[in-house]
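Student: mmCIF, C-alpha atoms and all ligand atoms, saved as coords_4.cif, coming up:
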data_entry
loop_
_atom_site.label_atom_id
_atom_site.label_comp_id
_atom_site.auth_asym_id
_atom_site.auth_seq_id
_atom_site.Cartn_x
_atom_site.Cartn_y
_atom_site.Cartn_z
CA MET A 1 0.00 0.00 0.00
CA LYS A 2 2.79 2.35 0.90
CA ARG A 3 4.60 1.55 -2.32
CA PHE A 4 1.44 2.25 -4.36
CA ALA A 5 0.94 5.62 -2.69
CA LEU A 6 4.48 6.66 -3.51
CA GLY A 7 4.04 5.59 -7.11
CA ALA A 8 0.85 7.59 -7.48
CA ALA A 9 2.49 10.64 -5.98
CA GLY A 10 5.32 10.31 -8.48
CA VAL A 11 2.92 10.29 -11.40
CA VAL A 12 1.11 13.38 -10.13
CA LEU A 13 4.40 15.16 -9.63
CA SER A 14 5.68 14.42 -13.12
CA LEU A 15 2.43 15.61 -14.71
CA ALA A 16 2.43 18.77 -12.64
CA THR A 17 6.01 19.70 -13.49
CA TYR A 18 5.82 18.94 -17.21
CA PRO A 19 4.31 22.26 -18.36
CA THR A 20 7.08 24.26 -16.68
CA LEU A 21 9.85 22.56 -18.66
CA PRO A 22 11.31 24.68 -21.46
CA ALA A 23 9.16 24.05 -24.51
CA ALA A 24 11.24 22.46 -27.23
CA ALA A 25 8.64 23.27 -29.87
CA HIS A 26 7.01 26.56 -28.99
CA ASP A 27 5.45 27.07 -32.37
CA TYR A 28 1.98 27.72 -33.77
CA ALA A 29 0.35 27.57 -37.17
CA VAL A 30 -2.63 29.21 -38.82
CA GLY A 31 -3.35 28.27 -42.43
CA PRO A 32 0.02 28.24 -44.22
CA LEU A 33 1.61 30.55 -41.63
CA LYS A 34 4.01 29.19 -39.02
CA ILE A 35 4.54 31.30 -35.91
CA GLY A 36 7.91 30.66 -34.27
CA HIS A 37 8.87 31.16 -30.63
CA PRO A 38 6.66 34.04 -29.47
CA TRP A 39 8.24 35.83 -26.50
CA ALA A 40 8.09 39.08 -24.63
CA ARG A 41 10.62 40.93 -22.57
CA ALA A 42 10.13 41.37 -18.82
CA THR A 43 9.37 44.97 -17.86
CA PRO A 44 10.42 47.20 -14.95
CA PRO A 45 7.69 47.70 -12.30
CA ALA A 46 6.45 51.09 -13.55
CA ALA A 47 6.55 50.32 -17.27
CA LYS A 48 3.38 50.89 -19.26
CA VAL A 49 4.59 49.18 -22.41
CA GLY A 50 6.38 45.94 -23.27
CA GLY A 51 7.81 44.39 -26.43
CA GLY A 52 6.65 41.15 -28.05
CA TYR A 53 8.63 39.16 -30.58
CA LEU A 54 8.17 36.17 -32.88
CA SER A 55 8.73 34.96 -36.41
CA VAL A 56 6.14 34.36 -39.10
CA GLU A 57 6.91 32.04 -41.98
CA ASN A 58 4.58 31.89 -44.96
CA THR A 59 4.72 28.38 -46.43
CA GLY A 60 1.83 29.09 -48.80
CA SER A 61 1.70 30.65 -52.27
CA GLU A 62 -0.37 33.73 -51.43
CA PRO A 63 0.84 36.91 -49.74
CA ASP A 64 -0.54 37.62 -46.27
CA ARG A 65 -0.29 40.47 -43.81
CA LEU A 66 -0.17 40.77 -40.05
CA VAL A 67 -2.73 43.51 -39.45
CA GLY A 68 -3.04 43.62 -35.67
CA GLY A 69 -4.01 41.73 -32.58
CA SER A 70 -4.85 41.89 -28.92
CA THR A 71 -3.52 40.59 -25.62
CA GLU A 72 -4.87 39.80 -22.18
CA ALA A 73 -1.88 41.63 -20.67
CA ALA A 74 -2.44 45.11 -22.06
CA ALA A 75 -5.12 47.46 -23.36
CA ARG A 76 -3.71 47.35 -26.89
CA LEU A 77 -1.37 45.30 -29.03
CA GLU A 78 0.29 47.46 -31.68
CA ILE A 79 2.77 46.74 -34.43
CA HIS A 80 5.82 48.98 -34.11
CA GLU A 81 8.97 49.61 -36.04
CA THR A 82 12.17 50.83 -34.43
CA SER A 83 14.53 52.91 -36.51
CA LEU A 84 17.74 54.76 -35.89
CA THR A 85 17.43 58.42 -36.95
CA ASP A 86 20.24 60.89 -36.22
CA GLY A 87 21.64 58.50 -33.64
CA ILE A 88 18.34 58.25 -31.78
CA MET A 89 16.25 55.10 -31.60
CA ARG A 90 12.66 55.90 -32.43
CA MET A 91 9.55 53.77 -32.53
CA ARG A 92 6.55 54.33 -34.71
CA GLU A 93 3.37 52.40 -35.18
CA ARG A 94 3.02 50.45 -38.40
CA THR A 95 -0.66 51.04 -39.03
CA ASP A 96 -0.47 49.29 -42.40
CA GLY A 97 0.73 46.08 -40.72
CA VAL A 98 3.50 43.76 -41.81
CA ALA A 99 3.57 42.04 -45.20
CA ILE A 100 4.29 38.30 -45.09
CA PRO A 101 5.20 37.38 -48.68
CA PRO A 102 4.90 33.75 -49.81
CA GLY A 103 8.05 31.81 -48.98
CA ALA A 104 9.31 34.52 -46.63
CA LYS A 105 10.10 34.34 -42.93
CA VAL A 106 9.57 37.67 -41.22
CA GLU A 107 11.21 38.24 -37.84
CA LEU A 108 9.75 40.56 -35.22
CA LYS A 109 12.65 41.22 -32.89
CA PRO A 110 14.16 43.82 -30.54
CA SER A 111 15.29 47.09 -32.20
CA ALA A 112 13.34 46.24 -35.35
CA LEU A 113 9.75 45.33 -36.17
CA HIS A 114 8.02 44.25 -32.97
CA LEU A 115 4.73 43.91 -31.18
CA MET A 116 4.09 46.54 -28.54
CA LEU A 117 1.90 45.78 -25.56
CA VAL A 118 0.53 49.22 -24.74
CA ASP A 119 -0.96 50.10 -21.34
CA LEU A 120 0.15 47.00 -19.48
CA LYS A 121 -2.28 45.78 -16.83
CA ALA A 122 0.69 44.54 -14.77
CA PRO A 123 4.45 44.31 -15.30
CA LEU A 124 5.59 41.36 -17.40
CA LYS A 125 7.54 38.98 -15.18
CA GLN A 126 10.18 36.55 -16.34
CA GLY A 127 8.69 33.05 -16.54
CA ASP A 128 5.14 34.28 -17.17
CA LYS A 129 3.17 33.29 -20.22
CA VAL A 130 0.98 35.93 -21.78
CA LYS A 131 -1.74 35.16 -24.31
CA ALA A 132 -1.78 37.25 -27.46
CA THR A 133 -4.02 36.92 -30.49
CA LEU A 134 -2.52 37.79 -33.86
CA VAL A 135 -4.77 38.76 -36.76
CA PHE A 136 -3.72 38.06 -40.34
CA GLU A 137 -5.55 39.47 -43.36
CA ARG A 138 -5.87 36.13 -45.15
CA ALA A 139 -5.14 33.33 -42.68
CA GLY A 140 -7.31 34.73 -39.89
CA SER A 141 -6.38 34.85 -36.23
CA VAL A 142 -4.31 32.66 -33.94
CA THR A 143 -3.72 32.85 -30.19
CA VAL A 144 -0.18 32.26 -28.97
CA ASP A 145 1.63 32.29 -25.62
CA LEU A 146 4.34 34.91 -25.32
CA GLN A 147 7.00 33.49 -23.01
CA VAL A 148 8.34 36.28 -20.84
CA GLN A 149 12.12 36.39 -20.73
CA GLY A 150 14.59 38.47 -18.74
CA VAL A 151 14.70 42.29 -18.95
CA GLY A 152 17.92 42.34 -20.91
CA ALA A 153 17.24 39.31 -23.09
CA PRO A 154 18.50 40.20 -26.57
CA GLN A 155 16.94 37.11 -28.14
CA PRO A 156 15.18 33.89 -27.14
CA ALA A 157 17.08 31.78 -24.63
CA ALA A 158 15.94 28.55 -26.27
CA SER A 159 18.87 26.53 -27.56
CA GLU A 160 17.33 26.24 -31.01
CA HIS A 161 18.02 29.96 -31.48
CA SER A 162 21.64 29.91 -30.31
CA GLY A 163 22.95 29.86 -33.85
CA HIS A 164 21.47 33.27 -34.72
CU CU A 201 7.30 49.71 -29.75
#
Taking this structure as input, can you express it in the form of structure tokens?

Tutor:
Amino acid sequence: MKRFALGAAGVVLSLATYPTLPAAAHDYAVGPLKIGHPWARATPPAAKVGGGYLSVENTGSEPDRLVGGSTEAAARLEIHETSLTDGIMRMRERTDGVAIPPGAKVELKPSALHLMLVDLKAPLKQGDKVKATLVFERAGSVTVDLQVQGVGAPQPAASEHSGH
């Protein structure tokens, strides 16, 4: 009886801990679009905005466009572009969205095209998962988990990205 109880506890423990392991395949698909490793950067306590990053690969033969989205973590999810002008980093909203041509893989990453979580309901904490819904003109919408990584994370910590 004692042995059985221990065994049952072990099973419960392994099930409970599984979701917290680093996800080897943290990818999503909608139609011919593949969404790779969505993540967000942890924010300082008083921050009202946070950055979200991912890749979109179009394996189909028709052009598509990321036109917007929403997130449970903030009032708005905007598409921004960072550019360096006169030595100053500036961000502007890309109201026309992001083209995803057939065969292309578009990266949303720090200091470039990115998602901006505007008016955060709470700071983004490392280790959190934040749901975000992305809307594409042709493929429709898909909900992904943004994995929150450290404040200074320049790129995903997952080993699959170490070659970048
Ligand atoms: Cu921004």

Student: Restricting the calculation to all atoms listed in the file: of A:Val148, A:Leu54, A:Ala75, A:Met91, which residue gets closest to A:Gln126?

Tutor: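 Selected residue with least distance to A:Gln126: A:Val148.
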
Student: Return the single residue from A:Val56, A:Ala122, A:Ile79, A:Val106 that is closest to ligand CU 201 (chain A), with distances computed using only C-alpha atoms and all ligand atoms.

Tutor: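 Of A:Val56, A:Ala122, A:Ile79, A:Val106, the one nearest ligand CU 201 (chain A), counting only C-alpha atoms and all ligand atoms, is A:Ile79.
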
Student: For atom CA of A:Gly68 and atom CA of A:Ser83, quote the distance in Å rounded to one decimal.

Tutor: 19.9 Å

Student: Which residues come within 7 Å of A:Glu57, counting all atoms listed in the file, excluding same-chain residues fewer than 2 positions away, as JSON, numbers by chain?

Tutor: {"A": [33, 34, 35, 55, 59, 104, 105, 106]}

Student: Which residues of chain A come within 12 Å of ligand CU 201 (chain A), and what is each one's closest atom pair and distance in Å (one decimal), counting all atoms listed in the file, sorted by chain and residue number, as a tab-separated table?

Tutor:
residue	atom	partner	partner_atom	distance
A:Ala40	CA	A:CU201	CU	11.8
A:Arg41	CA	A:CU201	CU	11.8
A:Lys48	CA	A:CU201	CU	11.3
A:Val49	CA	A:CU201	CU	7.8
A:Gly50	CA	A:CU201	CU	7.6
A:Gly51	CA	A:CU201	CU	6.3
A:Gly52	CA	A:CU201	CU	8.8
A:Tyr53	CA	A:CU201	CU	10.7
A:Arg76	CA	A:CU201	CU	11.6
A:Leu77	CA	A:CU201	CU	9.8
A:Glu78	CA	A:CU201	CU	7.6
A:Ile79	CA	A:CU201	CU	7.2
A:His80	CA	A:CU201	CU	4.7
A:Glu81	CA	A:CU201	CU	6.5
A:Thr82	CA	A:CU201	CU	6.8
A:Ser83	CA	A:CU201	CU	10.4
A:Met89	CA	A:CU201	CU	10.6
A:Arg90	CA	A:CU201	CU	8.6
A:Met91	CA	A:CU201	CU	5.4
A:Arg92	CA	A:CU201	CU	6.8
A:Glu93	CA	A:CU201	CU	7.2
A:Arg94	CA	A:CU201	CU	9.7
A:Leu108	CA	A:CU201	CU	10.9
A:Lys109	CA	A:CU201	CU	10.5
A:Pro110	CA	A:CU201	CU	9.1
A:Ser111	CA	A:CU201	CU	8.8
A:Ala112	CA	A:CU201	CU	8.9
A:Leu113	CA	A:CU201	CU	8.1
A:His114	CA	A:CU201	CU	6.4
A:Leu115	CA	A:CU201	CU	6.5
A:Met116	CA	A:CU201	CU	4.7
A:Leu117	CA	A:CU201	CU	7.9
A:Val118	CA	A:CU201	CU	8.4
A:Asp119	CA	A:CU201	CU	11.8

Student: Just how far from atom CA of A:Asn58 is atom CA of A:Glu137, in Å to one decimal?

Tutor: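 Computing it gives 12.8 Å between the two atoms.
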
Student: Which residue out of A:Pro32, A:Pro123, A:Pro38, A:Pro63 has the minimum interatomic distance to A:Ala99 when all atoms listed in the file are used?

Tutor: A:Pro63

Student: Between atom CA of A:Tyr28 and atom CA of A:Ala42, what distance in Å does the model show, to one decimal?

Tutor: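 Rounded to one decimal, the two atoms are 21.8 Å apart.
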
Student: From the options A:Asp86, A:Leu124, A:Ala74, A:Gly36, which residue's atoms come nearest to A:Gly150, counting only C-alpha atoms?

Tutor: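 Comparing A:Asp86, A:Leu124, A:Ala74, A:Gly36 against A:Gly150, the winner is A:Leu124.
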
Student: Considering all atoms listed in the file, return as a VMD selection string whatever protein or nucleic-acid residues lie within 7 Å of A:Ala73, sequence-local ones (same chain, fewer than 6 positions apart) excluded.

Tutor: chain A and resid 120 to 121 130

Student: Please determine, counting all atoms listed in the file, which residue among A:Pro44, A:Arg65, A:Trp39, A:Leu84 has the shortest atom-to-atom distance to A:Asp145.

Tutor: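 The shortest atom-to-atom distance to A:Asp145 comes from A:Trp39.
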
Student: Of the candidates A:Leu66, A:Thr71, A:Lys129, A:Gly60, which shows the shortest atom-to-atom distance to A:Thr143, using all atoms listed in the file?

Tutor: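 Looking only at the distances to A:Thr143, the closest residue turns out to be A:Thr71.
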
Student: Output, as JSON, the centre and edge lengths in Å (one decimal) of the axis-aligned box that contains all listed atoms of stretch 94-99 of chain A with 4 Å of margin on each side.

Tutor:
{"center_x": 1.5, "center_y": 46.5, "center_z": -41.8, "size_x": 12.2, "size_y": 17.0, "size_z": 14.8}

Student: From the coordinates I just gave you, please extract stretch 33-46 of chain A so that only all heavy atoms remain, then output it as a compact mmCIF listing (two decimals), in the first residue's frame.

Tutor:
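Printed below is selection-v7.txt as written:
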# COMPACT_ATOMS: atom_id res chain seq x y z
N LEU A 33 0.65 29.74 -42.40
CA LEU A 33 1.61 30.55 -41.63
C LEU A 33 2.11 29.78 -40.41
O LEU A 33 1.32 29.19 -39.68
CB LEU A 33 0.95 31.86 -41.16
CG LEU A 33 0.36 32.75 -42.25
CD1 LEU A 33 -0.22 34.02 -41.62
CD2 LEU A 33 1.41 33.11 -43.30
N LYS A 34 3.41 29.80 -40.21
CA LYS A 34 4.01 29.19 -39.02
C LYS A 34 4.56 30.30 -38.13
O LYS A 34 5.32 31.14 -38.58
CB LYS A 34 5.14 28.24 -39.43
CG LYS A 34 4.66 27.07 -40.26
CD LYS A 34 5.60 25.89 -40.15
CE LYS A 34 5.18 24.73 -41.04
NZ LYS A 34 3.73 24.50 -41.10
N ILE A 35 4.12 30.28 -36.87
CA ILE A 35 4.54 31.30 -35.91
C ILE A 35 5.61 30.66 -35.03
O ILE A 35 5.34 29.66 -34.36
CB ILE A 35 3.36 31.74 -35.00
CG1 ILE A 35 2.07 31.95 -35.81
CG2 ILE A 35 3.75 32.98 -34.19
CD1 ILE A 35 2.10 33.05 -36.80
N GLY A 36 6.80 31.24 -35.01
CA GLY A 36 7.91 30.66 -34.27
C GLY A 36 8.24 31.42 -33.00
O GLY A 36 8.34 32.64 -33.00
N HIS A 37 8.40 30.68 -31.92
CA HIS A 37 8.87 31.16 -30.63
C HIS A 37 8.40 32.56 -30.23
O HIS A 37 9.21 33.49 -30.14
CB HIS A 37 10.40 31.12 -30.57
CG HIS A 37 10.92 31.21 -29.17
ND1 HIS A 37 11.12 30.10 -28.38
CD2 HIS A 37 11.22 32.27 -28.39
CE1 HIS A 37 11.53 30.49 -27.19
NE2 HIS A 37 11.60 31.80 -27.17
N PRO A 38 7.12 32.73 -29.95
CA PRO A 38 6.66 34.04 -29.47
C PRO A 38 7.19 34.32 -28.06
O PRO A 38 7.08 33.46 -27.19
CB PRO A 38 5.12 33.90 -29.45
CG PRO A 38 4.81 32.65 -30.19
CD PRO A 38 6.01 31.77 -30.06
N TRP A 39 7.74 35.49 -27.84
CA TRP A 39 8.24 35.83 -26.50
C TRP A 39 8.07 37.32 -26.25
O TRP A 39 7.80 38.10 -27.18
CB TRP A 39 9.70 35.39 -26.32
CG TRP A 39 10.71 36.11 -27.16
CD1 TRP A 39 10.92 35.93 -28.51
CD2 TRP A 39 11.67 37.09 -26.73
NE1 TRP A 39 11.95 36.75 -28.92
CE2 TRP A 39 12.43 37.47 -27.85
CE3 TRP A 39 11.94 37.68 -25.49
CZ2 TRP A 39 13.45 38.41 -27.78
CZ3 TRP A 39 12.96 38.62 -25.42
CH2 TRP A 39 13.71 38.97 -26.56
N ALA A 40 8.18 37.68 -25.02
CA ALA A 40 8.09 39.08 -24.63
C ALA A 40 9.21 39.33 -23.63
O ALA A 40 9.74 38.40 -23.03
CB ALA A 40 6.74 39.39 -24.01
N ARG A 41 9.55 40.59 -23.49
CA ARG A 41 10.62 40.93 -22.57
C ARG A 41 10.02 41.39 -21.24
O ARG A 41 9.06 42.15 -21.23
CB ARG A 41 11.44 42.05 -23.20
CG ARG A 41 12.76 42.29 -22.54
CD ARG A 41 13.49 43.41 -23.24
NE ARG A 41 14.51 42.92 -24.14
CZ ARG A 41 15.02 43.65 -25.12
NH1 ARG A 41 14.59 44.85 -25.35
NH2 ARG A 41 15.98 43.15 -25.87
N ALA A 42 10.59 40.93 -20.14
CA ALA A 42 10.13 41.37 -18.82
C ALA A 42 10.27 42.88 -18.72
O ALA A 42 11.15 43.48 -19.34
CB ALA A 42 10.94 40.69 -17.73
N THR A 43 9.36 43.51 -17.96
CA THR A 43 9.37 44.97 -17.86
C THR A 43 9.65 45.42 -16.44
O THR A 43 9.32 44.72 -15.48
CB THR A 43 8.01 45.55 -18.30
OG1 THR A 43 6.99 45.01 -17.45
CG2 THR A 43 7.70 45.21 -19.74
N PRO A 44 10.24 46.62 -16.28
CA PRO A 44 10.42 47.20 -14.95
C PRO A 44 9.05 47.48 -14.33
O PRO A 44 8.06 47.60 -15.06
CB PRO A 44 11.16 48.52 -15.22
CG PRO A 44 11.61 48.46 -16.64
CD PRO A 44 10.74 47.48 -17.36
N PRO A 45 8.98 47.59 -12.99
CA PRO A 45 7.69 47.70 -12.30
C PRO A 45 6.77 48.81 -12.81
O PRO A 45 5.57 48.63 -12.88
CB PRO A 45 8.10 47.97 -10.85
CG PRO A 45 9.44 47.37 -10.72
CD PRO A 45 10.11 47.52 -12.06
N ALA A 46 7.31 49.96 -13.19
CA ALA A 46 6.45 51.09 -13.55
C ALA A 46 6.16 51.17 -15.05
O ALA A 46 5.46 52.06 -15.51
CB ALA A 46 7.09 52.40 -13.09
